[in-house]
file upload-v4.pdb (PDB, C-alpha atoms)
ATOM      1  CA  PRO F 290      89.034  56.300 123.299
ATOM      2  CA  ARG F 291      92.414  55.524 121.720
ATOM      3  CA  PRO F 292      95.233  55.010 124.231
ATOM      4  CA  THR F 293      98.033  57.544 124.625
ATOM      5  CA  LEU F 294     101.216  55.978 123.223
ATOM      6  CA  HIS F 295     104.689  57.068 122.216
ATOM      7  CA  PRO F 296     106.841  55.531 119.461
ATOM      8  CA  GLY F 297     109.110  53.682 121.836
ATOM      9  CA  MET F 298     106.168  51.645 123.203
ATOM     10  CA  ALA F 299     105.553  49.885 119.895
ATOM     11  CA  SER F 300     108.433  47.384 120.055
ATOM     12  CA  ALA F 301     107.934  46.737 123.771
ATOM     13  CA  ALA F 302     104.261  46.016 123.261
ATOM     14  CA  CYS F 303     105.030  43.624 120.422
ATOM     15  CA  ALA F 304     107.342  41.580 122.645
ATOM     16  CA  TYR F 305     104.445  40.813 124.979
ATOM     17  CA  ARG F 306     101.804  40.057 122.331
ATOM     18  CA  ALA F 307     101.534  36.614 120.843
ATOM     19  CA  ASP F 308      98.898  37.828 118.439
ATOM     20  CA  LYS F 309     100.897  39.028 115.397
ATOM     21  CA  LEU F 310      97.911  40.807 113.913
ATOM     22  CA  ALA F 311      97.498  42.910 117.043
ATOM     23  CA  CYS F 312     101.196  43.748 116.948
ATOM     24  CA  LEU F 313     100.980  44.789 113.299
ATOM     25  CA  LEU F 314      97.968  46.986 113.976
ATOM     26  CA  LEU F 315      99.786  48.662 116.862
ATOM     27  CA  CYS F 316     102.792  49.437 114.677
ATOM     28  CA  VAL F 317     100.572  50.847 111.923
ATOM     29  CA  TYR F 318      98.837  52.998 114.539
ATOM     30  CA  MET F 319     102.189  54.347 115.707
ATOM     31  CA  LEU F 320     103.667  55.075 112.242
ATOM     32  CA  PRO F 321     102.205  58.599 111.816
ATOM     33  CA  VAL F 322     103.359  59.515 115.343
ATOM     34  CA  ALA F 323     106.894  58.345 114.637
ATOM     35  CA  LEU F 324     107.086  60.039 111.235
ATOM     36  CA  ALA F 325     105.893  63.337 112.700
ATOM     37  CA  THR F 326     109.035  63.607 114.797
ATOM     38  CA  VAL F 327     111.662  62.370 112.323
ATOM     39  CA  ALA F 328     114.024  65.098 111.121
ATOM     40  CA  PHE F 329     114.566  65.241 107.385
ATOM     41  CA  THR F 330     117.921  64.849 105.664
ATOM     42  CA  ASP F 331     119.759  68.014 104.646
ATOM     43  CA  HIS F 332     120.053  68.522 100.862
ATOM     44  CA  ALA F 333     117.542  65.698 100.172
ATOM     45  CA  PRO F 334     114.386  66.761  98.292
ATOM     46  CA  ILE F 335     111.081  66.398 100.125
ATOM     47  CA  PRO F 336     107.825  66.013  98.166
ATOM     48  CA  LEU F 337     105.512  68.995  98.657
ATOM     49  CA  TRP F 338     102.354  66.959  98.310
ATOM     50  CA  PRO F 339     101.454  63.537  99.763
ATOM     51  CA  GLY F 340      99.868  62.491  96.450
ATOM     52  CA  VAL F 341      99.058  64.020  93.071
ATOM     53  CA  PRO F 342      99.372  67.824  93.384
ATOM     54  CA  PRO F 343      96.121  69.797  93.164
ATOM     55  CA  GLY F 344      95.175  70.754  89.628
ATOM     56  CA  GLU F 345      97.590  68.227  88.106
ATOM     57  CA  ARG F 346      96.688  65.905  85.238
ATOM     58  CA  THR F 347      98.781  62.758  85.388
ATOM     59  CA  GLY F 348     100.750  62.152  82.202
ATOM     60  CA  ALA F 349      99.875  65.491  80.590
ATOM     61  CA  THR F 350     103.289  67.163  80.987
ATOM     62  CA  GLY F 351     105.901  64.585  80.035
ATOM     63  CA  HIS F 352     109.000  63.312  81.794
ATOM     64  CA  GLU F 353     111.204  65.589  83.879
ATOM     65  CA  THR F 354     114.508  66.365  82.161
ATOM     66  CA  GLU F 355     117.749  68.187  82.982
ATOM     67  CA  GLY F 356     119.681  70.464  80.657
ATOM     68  CA  CYS F 357     122.799  72.640  80.837
ATOM     69  CA  GLU F 358     122.700  76.417  80.463
ATOM     70  CA  THR F 359     126.364  76.443  79.386
ATOM     71  CA  PRO F 360     126.460  75.730  75.634
ATOM     72  CA  GLY F 361     128.356  72.626  74.627
ATOM     73  CA  VAL F 362     128.677  71.176  78.140
ATOM     74  CA  PRO F 363     126.981  67.826  78.881
ATOM     75  CA  VAL F 364     124.683  67.597  81.885
ATOM     76  CA  SER F 365     127.084  65.169  83.557
ATOM     77  CA  ARG F 366     129.740  67.923  83.771
ATOM     78  CA  CYS F 367     127.420  70.906  84.078
ATOM     79  CA  VAL F 368     127.532  73.371  86.981
ATOM     80  CA  ASP F 369     124.656  75.450  85.578
ATOM     81  CA  ARG F 370     121.770  73.010  85.180
ATOM     82  CA  SER F 371     118.163  73.603  84.241
ATOM     83  CA  ILE F 372     115.134  71.399  84.944
ATOM     84  CA  SER F 373     112.096  71.022  82.703
ATOM     85  CA  ASN F 374     108.722  69.268  82.951
ATOM     86  CA  VAL F 375     108.392  69.304  86.732
ATOM     87  CA  THR F 376     105.367  67.284  87.833
ATOM     88  CA  VAL F 377     106.520  66.261  91.327
ATOM     89  CA  PRO F 378     107.259  69.499  93.210
ATOM     90  CA  THR F 379     109.753  69.281  96.063
ATOM     91  CA  LEU F 380     111.512  71.340  98.735
ATOM     92  CA  THR F 381     115.195  70.724  99.318
ATOM     93  CA  PRO F 382     116.496  71.919 102.724
ATOM     94  CA  TYR F 383     119.885  73.601 103.099
ATOM     95  CA  LEU F 384     120.083  74.045 106.843
ATOM     96  CA  VAL F 385     122.419  76.155 108.965
ATOM     97  CA  ALA F 386     122.899  74.973 112.539
ATOM     98  CA  GLY F 387     121.417  77.499 114.924
ATOM     99  CA  ALA F 388     119.782  79.599 112.178
ATOM    100  CA  THR F 389     116.522  81.233 113.236
ATOM    101  CA  SER F 390     115.542  82.469 109.756
ATOM    102  CA  ALA F 391     114.818  80.689 106.487
ATOM    103  CA  VAL F 392     114.176  81.612 102.868
ATOM    104  CA  VAL F 393     112.268  79.653 100.231
ATOM    105  CA  ILE F 394     114.082  79.950  96.871
ATOM    106  CA  ALA F 395     112.097  80.132  93.609
ATOM    107  CA  PRO F 396     114.348  79.835  90.523
ATOM    108  CA  GLY F 397     113.327  81.475  87.256
ATOM    109  CA  GLY F 398     112.823  80.186  83.740
ATOM    110  CA  ALA F 399     109.778  81.967  82.251
ATOM    111  CA  TYR F 400     107.491  79.317  83.792
ATOM    112  CA  LYS F 401     108.925  76.955  81.160
ATOM    113  CA  PHE F 402     111.898  75.498  83.064
ATOM    114  CA  LEU F 403     113.828  76.115  86.295
ATOM    115  CA  SER F 404     117.296  77.684  86.276
ATOM    116  CA  TRP F 405     118.285  75.242  88.967
ATOM    117  CA  ASP F 406     121.893  76.087  89.782
ATOM    118  CA  ARG F 407     122.478  79.800  89.067
ATOM    119  CA  GLU F 408     119.125  80.752  90.660
ATOM    120  CA  GLY F 409     118.752  77.814  93.025
ATOM    121  CA  THR F 410     121.611  75.834  94.541
ATOM    122  CA  ASP F 411     124.019  78.786  94.263
ATOM    123  CA  ILE F 412     121.533  81.026  96.073
ATOM    124  CA  ALA F 413     121.157  78.427  98.817
ATOM    125  CA  ALA F 414     124.943  78.467  99.252
ATOM    126  CA  TRP F 415     124.910  82.268  99.552
ATOM    127  CA  LEU F 416     122.081  82.273 102.099
ATOM    128  CA  ASN F 417     123.869  79.615 104.148
ATOM    129  CA  SER F 418     127.055  81.720 104.052
ATOM    130  CA  VAL F 419     125.244  84.603 105.773
ATOM    131  CA  GLY F 420     123.647  82.341 108.375
ATOM    132  CA  VAL F 421     120.200  81.712 106.875
ATOM    133  CA  SER F 422     118.671  78.302 106.196
ATOM    134  CA  ALA F 423     117.303  77.805 102.689
ATOM    135  CA  PHE F 424     114.585  75.657 101.157
ATOM    136  CA  LEU F 425     114.943  75.289  97.386
ATOM    137  CA  LEU F 426     111.553  75.005  95.688
ATOM    138  CA  ARG F 427     111.163  72.801  92.625
ATOM    139  CA  TYR F 428     107.785  74.114  91.503
ATOM    140  CA  ARG F 429     105.705  72.906  88.588
ATOM    141  CA  VAL F 430     106.694  74.003  85.084
ATOM    142  CA  PRO F 431     105.799  74.550  82.310
ATOM    143  CA  GLY F 432     102.465  76.311  82.704
ATOM    144  CA  ARG F 433      99.394  74.092  82.708
ATOM    145  CA  ALA F 434      97.122  75.159  79.833
ATOM    146  CA  TRP F 435      94.060  74.074  81.790
ATOM    147  CA  LEU F 436      94.924  76.317  84.757
ATOM    148  CA  PRO F 437      95.068  80.127  85.023
ATOM    149  CA  PHE F 438      98.446  81.822  84.576
ATOM    150  CA  GLY F 439     100.830  80.988  87.432
ATOM    151  CA  SER F 440      98.306  78.853  89.325
ATOM    152  CA  ALA F 441     100.376  75.695  89.776
ATOM    153  CA  PRO F 442     103.503  77.590  90.935
ATOM    154  CA  LEU F 443     101.378  79.625  93.373
ATOM    155  CA  MET F 444      99.885  76.481  94.906
ATOM    156  CA  ASP F 445     103.382  75.045  95.286
ATOM    157  CA  ALA F 446     104.732  78.259  96.882
ATOM    158  CA  GLN F 447     101.810  78.550  99.319
ATOM    159  CA  ARG F 448     102.311  74.927 100.305
ATOM    160  CA  ALA F 449     106.085  75.407 100.674
ATOM    161  CA  VAL F 450     105.857  78.321 103.113
ATOM    162  CA  GLY F 451     103.245  76.465 105.159
ATOM    163  CA  LEU F 452     105.448  73.374 105.305
ATOM    164  CA  VAL F 453     108.510  75.335 106.442
ATOM    165  CA  ARG F 454     106.464  76.867 109.263
ATOM    166  CA  GLU F 455     105.083  73.441 110.190
ATOM    167  CA  TRP F 456     108.628  72.048 110.338
ATOM    168  CA  ALA F 457     109.683  74.985 112.505
ATOM    169  CA  ALA F 458     106.820  74.234 114.892
ATOM    170  CA  ASP F 459     107.346  70.463 115.155
ATOM    171  CA  GLY F 460     111.147  70.646 115.491
ATOM    172  CA  ARG F 461     112.189  69.168 112.176
ATOM    173  CA  ALA F 462     113.891  72.493 111.431
ATOM    174  CA  PRO F 463     115.554  72.995 114.845
ATOM    175  CA  GLY F 464     115.765  76.592 116.041
ATOM    176  CA  LEU F 465     113.849  78.053 113.103
ATOM    177  CA  ASN F 466     111.490  80.881 114.019
ATOM    178  CA  GLY F 467     108.233  80.508 112.086
ATOM    179  CA  SER F 468     107.864  84.285 111.966
ATOM    180  CA  ARG F 469     111.160  84.663 110.059
ATOM    181  CA  VAL F 470     110.324  82.831 106.842
ATOM    182  CA  GLY F 471     110.719  84.698 103.556
ATOM    183  CA  ILE F 472     110.946  83.996  99.839
ATOM    184  CA  ILE F 473     113.440  85.010  97.148
ATOM    185  CA  GLY F 474     112.697  84.644  93.448
ATOM    186  CA  PHE F 475     114.438  85.303  90.143
ATOM    187  CA  SER F 476     112.703  86.313  86.896
ATOM    188  CA  ALA F 477     109.593  84.082  86.789
ATOM    189  CA  GLY F 478     110.497  83.030  90.321
ATOM    190  CA  ALA F 479     110.400  86.724  91.266
ATOM    191  CA  HIS F 480     106.961  86.884  89.663
ATOM    192  CA  LEU F 481     106.008  83.955  91.886
ATOM    193  CA  ALA F 482     107.421  85.692  94.980
ATOM    194  CA  GLY F 483     105.423  88.813  94.110
ATOM    195  CA  HIS F 484     102.313  86.722  93.463
ATOM    196  CA  LEU F 485     102.624  85.033  96.848
ATOM    197  CA  SER F 486     103.118  88.419  98.522
ATOM    198  CA  VAL F 487      99.586  89.408  97.457
ATOM    199  CA  ALA F 488      97.875  85.980  97.443
ATOM    200  CA  TRP F 489      98.314  84.605 100.954
ATOM    201  CA  ARG F 490      94.945  85.260 102.617
ATOM    202  CA  SER F 491      93.549  81.887 101.578
ATOM    203  CA  ARG F 492      94.995  78.796  99.937
ATOM    204  CA  SER F 493      94.333  78.334  96.231
ATOM    205  CA  TYR F 494      93.755  74.593  96.790
ATOM    206  CA  PRO F 495      91.765  72.425  99.254
ATOM    207  CA  ARG F 496      93.439  71.870 102.611
ATOM    208  CA  VAL F 497      95.669  68.795 102.712
ATOM    209  CA  ASP F 498      96.972  68.651 106.290
ATOM    210  CA  GLU F 499      98.123  70.751 109.250
ATOM    211  CA  ALA F 500     100.773  72.541 107.173
ATOM    212  CA  ASP F 501      97.937  74.239 105.294
ATOM    213  CA  ALA F 502      96.642  75.690 108.560
ATOM    214  CA  ARG F 503      99.911  77.620 108.891
ATOM    215  CA  PRO F 504     100.096  81.130 107.401
ATOM    216  CA  CYS F 505     101.629  81.282 103.925
ATOM    217  CA  ARG F 506     102.298  85.036 103.966
ATOM    218  CA  PRO F 507     106.078  85.463 103.659
ATOM    219  CA  ASP F 508     107.639  87.682 106.329
ATOM    220  CA  PHE F 509     109.857  89.305 103.685
ATOM    221  CA  VAL F 510     110.268  89.084  99.921
ATOM    222  CA  LEU F 511     113.233  89.475  97.568
ATOM    223  CA  MET F 512     112.388  89.943  93.874
ATOM    224  CA  ILE F 513     115.491  89.718  91.680
ATOM    225  CA  TYR F 514     114.936  90.932  88.086
ATOM    226  CA  PRO F 515     111.156  90.262  88.186
ATOM    227  CA  TRP F 516     109.132  89.420  85.073
ATOM    228  CA  GLU F 517     105.514  90.024  83.982
ATOM    229  CA  SER F 518     104.575  91.721  87.260
ATOM    230  CA  VAL F 519     103.087  95.088  86.201
ATOM    231  CA  THR F 520     100.573  96.322  83.619
ATOM    232  CA  GLU F 521     102.499  99.450  82.645
ATOM    233  CA  PRO F 522     104.350  99.448  79.299
ATOM    234  CA  PRO F 523     106.682  98.177  78.078
ATOM    235  CA  VAL F 524     105.912  95.195  80.349
ATOM    236  CA  SER F 525     102.144  95.349  79.736
ATOM    237  CA  ALA F 526     101.358  92.171  81.650
ATOM    238  CA  GLY F 527      97.697  91.209  81.754
ATOM    239  CA  PRO F 528      95.652  91.667  84.936
ATOM    240  CA  ASP F 529      95.776  87.908  85.537
ATOM    241  CA  ALA F 530      99.590  88.100  85.777
ATOM    242  CA  ALA F 531     100.392  91.563  87.161
ATOM    243  CA  SER F 532     100.594  91.071  90.913
ATOM    244  CA  ALA F 533     101.370  94.772  91.427
ATOM    245  CA  LEU F 534      97.659  95.432  90.854
ATOM    246  CA  ASN F 535      96.878  93.633  94.111
ATOM    247  CA  VAL F 536      99.502  95.215  96.386
ATOM    248  CA  THR F 537      98.086  96.441  99.712
ATOM    249  CA  SER F 538      99.366  97.857 102.979
ATOM    250  CA  ARG F 539      99.738  94.252 104.186
ATOM    251  CA  ASN F 540     102.468  93.426 101.681
ATOM    252  CA  PRO F 541     105.676  92.243 103.373
ATOM    253  CA  PRO F 542     108.925  94.264 103.259
ATOM    254  CA  THR F 543     110.244  93.787  99.726
ATOM    255  CA  PHE F 544     113.697  94.023  98.127
ATOM    256  CA  LEU F 545     113.748  94.628  94.365
ATOM    257  CA  THR F 546     116.710  94.793  92.014
ATOM    258  CA  GLN F 547     117.026  95.017  88.221
ATOM    259  CA  THR F 548     119.156  96.572  85.484
ATOM    260  CA  GLU F 549     118.216  99.253  82.974
ATOM    261  CA  ASP F 550     119.201  97.018  80.045
ATOM    262  CA  ASP F 551     117.102  94.027  81.213
ATOM    263  CA  ALA F 552     115.155  92.589  78.253
ATOM    264  CA  ALA F 553     112.378  91.675  80.693
ATOM    265  CA  HIS F 554     112.204  95.417  81.518
ATOM    266  CA  VAL F 555     113.313  97.309  84.603
ATOM    267  CA  GLU F 556     109.792  98.760  84.803
ATOM    268  CA  ASN F 557     108.773  95.543  86.594
ATOM    269  CA  SER F 558     110.779  96.663  89.603
ATOM    270  CA  LEU F 559     110.061 100.386  89.245
ATOM    271  CA  TYR F 560     106.281 100.096  89.143
ATOM    272  CA  PHE F 561     106.112  97.288  91.708
ATOM    273  CA  TYR F 562     108.057  99.477  94.124
ATOM    274  CA  LEU F 563     105.768 102.414  93.327
ATOM    275  CA  ALA F 564     102.736 100.206  94.036
ATOM    276  CA  LEU F 565     104.201  99.346  97.445
ATOM    277  CA  LYS F 566     104.704 103.025  98.237
ATOM    278  CA  LYS F 567     101.225 104.037  97.053
ATOM    279  CA  ALA F 568      99.636 101.301  99.180
ATOM    280  CA  GLY F 569     101.546 102.273 102.314
ATOM    281  CA  ALA F 570     103.188  98.868 102.551
ATOM    282  CA  ALA F 571     106.124  98.068 104.829
ATOM    283  CA  PRO F 572     109.414  99.898 104.102
ATOM    284  CA  SER F 573     111.069  98.301 101.084
ATOM    285  CA  GLU F 574     114.145  98.775  98.891
ATOM    286  CA  LEU F 575     114.687  99.263  95.157
ATOM    287  CA  HIS F 576     118.146  98.935  93.567
ATOM    288  CA  VAL F 577     118.575  99.761  89.868
ATOM    289  CA  TYR F 578     121.856  99.237  88.001
ATOM    290  CA  PRO F 579     122.892 100.439  84.520
ATOM    291  CA  GLU F 580     123.819  97.091  82.962
ATOM    292  CA  GLY F 581     123.817  93.354  83.439
ATOM    293  CA  GLY F 582     120.915  92.145  81.348
ATOM    294  CA  HIS F 583     118.788  89.319  82.696
ATOM    295  CA  GLY F 584     119.411  85.964  84.340
ATOM    296  CA  TYR F 585     122.772  86.651  85.988
ATOM    297  CA  GLY F 586     122.009  85.122  89.387
ATOM    298  CA  ARG F 587     124.970  85.965  91.629
ATOM    299  CA  CYS F 588     127.311  86.356  88.638
ATOM    300  CA  THR F 589     129.088  83.122  89.567
ATOM    301  CA  LYS F 590     128.267  80.846  86.632
ATOM    302  CA  PRO F 591     129.914  80.450  83.187
ATOM    303  CA  THR F 592     128.560  82.783  80.465
ATOM    304  CA  VAL F 593     127.588  85.393  83.086
ATOM    305  CA  PRO F 594     129.614  88.651  83.059
ATOM    306  CA  LYS F 595     131.741  89.249  86.151
ATOM    307  CA  GLY F 596     132.626  92.501  87.864
ATOM    308  CA  LEU F 597     129.497  94.458  87.013
ATOM    309  CA  ALA F 598     127.960  96.724  89.645
ATOM    310  CA  VAL F 599     124.792  94.631  89.674
ATOM    311  CA  CYS F 600     126.829  91.684  90.942
ATOM    312  CA  SER F 601     126.896  93.456  94.319
ATOM    313  CA  TRP F 602     123.165  92.951  94.864
ATOM    314  CA  PRO F 603     123.697  90.086  97.377
ATOM    315  CA  HIS F 604     125.566  92.503  99.678
ATOM    316  CA  ARG F 605     122.679  94.975  99.431
ATOM    317  CA  ALA F 606     120.214  92.179 100.084
ATOM    318  CA  ALA F 607     122.145  91.037 103.162
ATOM    319  CA  ARG F 608     121.992  94.570 104.567
ATOM    320  CA  PHE F 609     118.251  94.624 103.856
ATOM    321  CA  LEU F 610     117.829  91.385 105.816
ATOM    322  CA  GLN F 611     119.871  92.869 108.654
ATOM    323  CA  THR F 612     117.511  95.846 108.915
ATOM    324  CA  LEU F 613     114.640  93.369 109.307
ATOM    325  CA  GLY F 614     116.436  91.444 112.068
ATOM    326  CA  VAL F 615     116.719  88.372 109.854
ATOM    327  CA  LEU F 616     120.523  88.606 109.946
ATOM    328  CA  PRO F 617     122.635  89.848 112.855
ATOM    329  CA  LEU F 618     124.162  93.279 112.441
ATOM    330  CA  LEU F 619     127.848  93.062 111.529
TER     331      LEU F 619
END

call {"tool": "encode", "arguments": {"input": "upload-v4.pdb", "output": "structure tokens"}}
result
Amino acid sequence: PRPTLHPGMASAACAYRADKLACLLLCVYMLPVALATVAFTDHAPIPLWPGVPPGERTGATGHETEGCETPGVPVSRCVDRSISNVTVPTLTPYLVAGATSAVVIAPGGAYKFLSWDREGTDIAAWLNSVGVSAFLLRYRVPGRAWLPFGSAPLMDAQRAVGLVREWAADGRAPGLNGSRVGIIGFSAGAHLAGHLSVAWRSRSYPRVDEADARPCRPDFVLMIYPWESVTEPPVSAGPDAASALNVTSRNPPTFLTQTEDDAAHVENSLYFYLALKKAGAAPSELHVYPEGGHGYGRCTKPTVPKGLAVCSWPHRAARFLQTLGVLPLL
């Protein structure tokens, strides 16, 4: 049987071994043990997968690029970036000391790109401001023609929630309660959040490690101006895309918000909420506003209208999280 060791024994053992090969083997043996207890660096992206992601074809997507969603502004001065051609999915932690809850953030972009700042880093800042740790998900885009609709993002989201729970269990996310892990998504990211809320019973990829033994069902879901999530017109999403078709009583508590003038159609939120009610799912909330369009995030970025009623959705969402015990009551 292999001996029971701890990381601190490696250097001591080496000092007493003249055989360098034996010392090297001991250090290699200890490396996984040491890595398992090392805390990650805040705001530094962590690869989701130890190798090539499942379903990926190396070289088929092109090089990852950044753009700016503010016309005429170079990426070097941009505060509203987008990311395209993601082939190496990551999770970036934004931790709050003492926080017991966490949210995985899925930016939107029609499964073509990721609206990285207005629906990503800015949302992490908001969550941190209300005392919640955030994990920003850089999932694979654009869609892979050789995979079913939304498959690569779903694999990445399932993996992300499992990893956050694994980090809560092994102490790399100190204080985090593994039963208080949710997901928030915007537009296509909201589609992804809705997809995960109905596709958590089994992984859509072969098990990789212990993180994939952790549940990937989110404890709560926030869908902000969702896209392609229902079959009803005028959305008319196909059955392979419309996650509302698969809603059951086991769906997590869900917060939905959208505007009547959204070009992606407010019916995404209306019929998804109705599906939750028909299925007898957990109590959820629906907030509909008269105007605001699509893609406004928190209304903090250039080119986004300020002062509209819909810009208050983060306050509504915070109250929703309070009712779930995710945030303390004020």

call {"tool": "resolve_selection", "arguments": {"input": "upload-v4.pdb", "expression": "the PyMOL selection byres ((chain F and resi 399-401) around 10)", "output": "list in words"}}
result
Ile372, Ser373, Asn374, Val375, Pro396, Gly397, Gly398, Phe402, Leu403, Ser404, Tyr428, Arg429, Val430, Pro431, Gly432, Arg433, Phe438, Gly439, Ala441, Pro442, Phe475, Ser476, Ala477, Gly478, His480, Leu481, Trp516 and Glu517 of chain F

call {"tool": "write_last_selection", "arguments": {"input": "upload-v4.pdb", "atoms": "C-alpha atoms", "output": "PDB file, in the coordinates of the input"}}
result
ATOM      1  CA  ILE F 372     115.134  71.399  84.944  1.00  0.00           C
ATOM      2  CA  SER F 373     112.096  71.022  82.703  1.00  0.00           C
ATOM      3  CA  ASN F 374     108.722  69.268  82.951  1.00  0.00           C
ATOM      4  CA  VAL F 375     108.392  69.304  86.732  1.00  0.00           C
ATOM      5  CA  PRO F 396     114.348  79.835  90.523  1.00  0.00           C
ATOM      6  CA  GLY F 397     113.327  81.475  87.256  1.00  0.00           C
ATOM      7  CA  GLY F 398     112.823  80.186  83.740  1.00  0.00           C
ATOM      8  CA  PHE F 402     111.898  75.498  83.064  1.00  0.00           C
ATOM      9  CA  LEU F 403     113.828  76.115  86.295  1.00  0.00           C
ATOM     10  CA  SER F 404     117.296  77.684  86.276  1.00  0.00           C
ATOM     11  CA  TYR F 428     107.785  74.114  91.503  1.00  0.00           C
ATOM     12  CA  ARG F 429     105.705  72.906  88.588  1.00  0.00           C
ATOM     13  CA  VAL F 430     106.694  74.003  85.084  1.00  0.00           C
ATOM     14  CA  PRO F 431     105.799  74.550  82.310  1.00  0.00           C
ATOM     15  CA  GLY F 432     102.465  76.311  82.704  1.00  0.00           C
ATOM     16  CA  ARG F 433      99.394  74.092  82.708  1.00  0.00           C
ATOM     17  CA  PHE F 438      98.446  81.822  84.576  1.00  0.00           C
ATOM     18  CA  GLY F 439     100.830  80.988  87.432  1.00  0.00           C
ATOM     19  CA  ALA F 441     100.376  75.695  89.776  1.00  0.00           C
ATOM     20  CA  PRO F 442     103.503  77.590  90.935  1.00  0.00           C
ATOM     21  CA  PHE F 475     114.438  85.303  90.143  1.00  0.00           C
ATOM     22  CA  SER F 476     112.703  86.313  86.896  1.00  0.00           C
ATOM     23  CA  ALA F 477     109.593  84.082  86.789  1.00  0.00           C
ATOM     24  CA  GLY F 478     110.497  83.030  90.321  1.00  0.00           C
ATOM     25  CA  HIS F 480     106.961  86.884  89.663  1.00  0.00           C
ATOM     26  CA  LEU F 481     106.008  83.955  91.886  1.00  0.00           C
ATOM     27  CA  TRP F 516     109.132  89.420  85.073  1.00  0.00           C
ATOM     28  CA  GLU F 517     105.514  90.024  83.982  1.00  0.00           C
TER      29      GLU F 517
END

call {"tool": "resolve_selection", "arguments": {"input": "upload-v4.pdb", "expression": "the PyMOL selection byres ((chain F and resi 386) around 9)", "output": "MDAnalysis selection string"}}
result
chainID F and resid 384:385 387:389 420 422 463:464

call {"tool": "residues_around", "arguments": {"input": "upload-v4.pdb", "residues": "range 530-538 of chain F", "least_positions_apart": "4", "cutoff": "6 Å", "atoms": "all atoms listed in the file", "output": "PDB file with C-alpha atoms, keeping the file's coordinate frame"}}
result
ATOM      1  CA  HIS F 484     102.313  86.722  93.463  1.00  0.00           C
ATOM      2  CA  VAL F 487      99.586  89.408  97.457  1.00  0.00           C
ATOM      3  CA  SER F 518     104.575  91.721  87.260  1.00  0.00           C
ATOM      4  CA  VAL F 519     103.087  95.088  86.201  1.00  0.00           C
ATOM      5  CA  THR F 520     100.573  96.322  83.619  1.00  0.00           C
ATOM      6  CA  ALA F 526     101.358  92.171  81.650  1.00  0.00           C
ATOM      7  CA  PHE F 561     106.112  97.288  91.708  1.00  0.00           C
ATOM      8  CA  ALA F 568      99.636 101.301  99.180  1.00  0.00           C
ATOM      9  CA  GLY F 569     101.546 102.273 102.314  1.00  0.00           C
ATOM     10  CA  ALA F 570     103.188  98.868 102.551  1.00  0.00           C
TER      11      ALA F 570
END

call {"tool": "atom_distance", "arguments": {"input": "upload-v4.pdb", "atom1": "CA of Leu443 in chain F", "atom2": "CA of Glu556 in chain F"}}
result
22.6 Å

call {"tool": "residues_around", "arguments": {"input": "upload-v4.pdb", "residues": "Ile412 in chain F", "least_positions_apart": "2", "cutoff": "10 Å", "atoms": "only C-alpha atoms", "output": "list of chain:residue names"}}
result
F:Ile394, F:Ala395, F:Pro396, F:Trp405, F:Asp406, F:Arg407, F:Glu408, F:Gly409, F:Thr410, F:Ala414, F:Trp415, F:Leu416, F:Asn417, F:Ser418, F:Ala423, F:Leu425, F:Ile473, F:Gly474, F:Gly586, F:Arg587, F:Pro603

call {"tool": "residues_around", "arguments": {"input": "upload-v4.pdb", "residues": "Leu511 in chain F", "least_positions_apart": "6", "cutoff": "8 Å", "atoms": "only C-alpha atoms", "output": "PyMOL selection string"}}
result
chain F and resi 472-474+479+482+543-545+606

call {"tool": "resolve_selection", "arguments": {"input": "upload-v4.pdb", "expression": "the PyMOL selection byres ((chain F and resi 337) around 6)", "output": "ChimeraX atom specification"}}
result
/F:336,338,378-379

call {"tool": "closest_residue", "arguments": {"input": "upload-v4.pdb", "among": "F:Arg496, F:Arg346, F:Arg605, F:Arg370", "to": "His576 in chain F", "atoms": "only C-alpha atoms"}}
result
F:Arg605

call {"tool": "atom_distance", "arguments": {"input": "upload-v4.pdb", "atom1": "CA of Leu436 in chain F", "atom2": "CA of Gly340 in chain F"}}
result
18.8 Å

call {"tool": "closest_residue", "arguments": {"input": "upload-v4.pdb", "among": "F:Leu565, F:Leu380, F:Val524, F:Leu575", "to": "Met512 in chain F", "atoms": "all atoms listed in the file"}}
result
F:Leu575

call {"tool": "atom_distance", "arguments": {"input": "upload-v4.pdb", "atom1": "CA of Val555 in chain F", "atom2": "CA of Gln611 in chain F"}}
result
25.3 Å

call {"tool": "residues_near_point", "arguments": {"input": "upload-v4.pdb", "point": "(113.0, 95.3, 84.2)", "cutoff": "10 Å", "atoms": "all atoms listed in the file", "output": "JSON list (two decimals) with C-alpha atoms, in the frame of the given file"}}
result
[["chain", "number", "residue", "atom", "x", "y", "z"],
["F", 476, "SER", "CA", 112.70, 86.31, 86.90],
["F", 513, "ILE", "CA", 115.49, 89.72, 91.68],
["F", 514, "TYR", "CA", 114.94, 90.93, 88.09],
["F", 515, "PRO", "CA", 111.16, 90.26, 88.19],
["F", 516, "TRP", "CA", 109.13, 89.42, 85.07],
["F", 517, "GLU", "CA", 105.51, 90.02, 83.98],
["F", 518, "SER", "CA", 104.58, 91.72, 87.26],
["F", 523, "PRO", "CA", 106.68, 98.18, 78.08],
["F", 524, "VAL", "CA", 105.91, 95.20, 80.35],
["F", 546, "THR", "CA", 116.71, 94.79, 92.01],
["F", 547, "GLN", "CA", 117.03, 95.02, 88.22],
["F", 548, "THR", "CA", 119.16, 96.57, 85.48],
["F", 549, "GLU", "CA", 118.22, 99.25, 82.97],
["F", 550, "ASP", "CA", 119.20, 97.02, 80.04],
["F", 551, "ASP", "CA", 117.10, 94.03, 81.21],
["F", 552, "ALA", "CA", 115.16, 92.59, 78.25],
["F", 553, "ALA", "CA", 112.38, 91.68, 80.69],
["F", 554, "HIS", "CA", 112.20, 95.42, 81.52],
["F", 555, "VAL", "CA", 113.31, 97.31, 84.60],
["F", 556, "GLU", "CA", 109.79, 98.76, 84.80],
["F", 557, "ASN", "CA", 108.77, 95.54, 86.59],
["F", 558, "SER", "CA", 110.78, 96.66, 89.60],
["F", 559, "LEU", "CA", 110.06, 100.39, 89.24],
["F", 560, "TYR", "CA", 106.28, 100.10, 89.14],
["F", 577, "VAL", "CA", 118.58, 99.76, 89.87],
["F", 582, "GLY", "CA", 120.92, 92.14, 81.35],
["F", 583, "HIS", "CA", 118.79, 89.32, 82.70]]
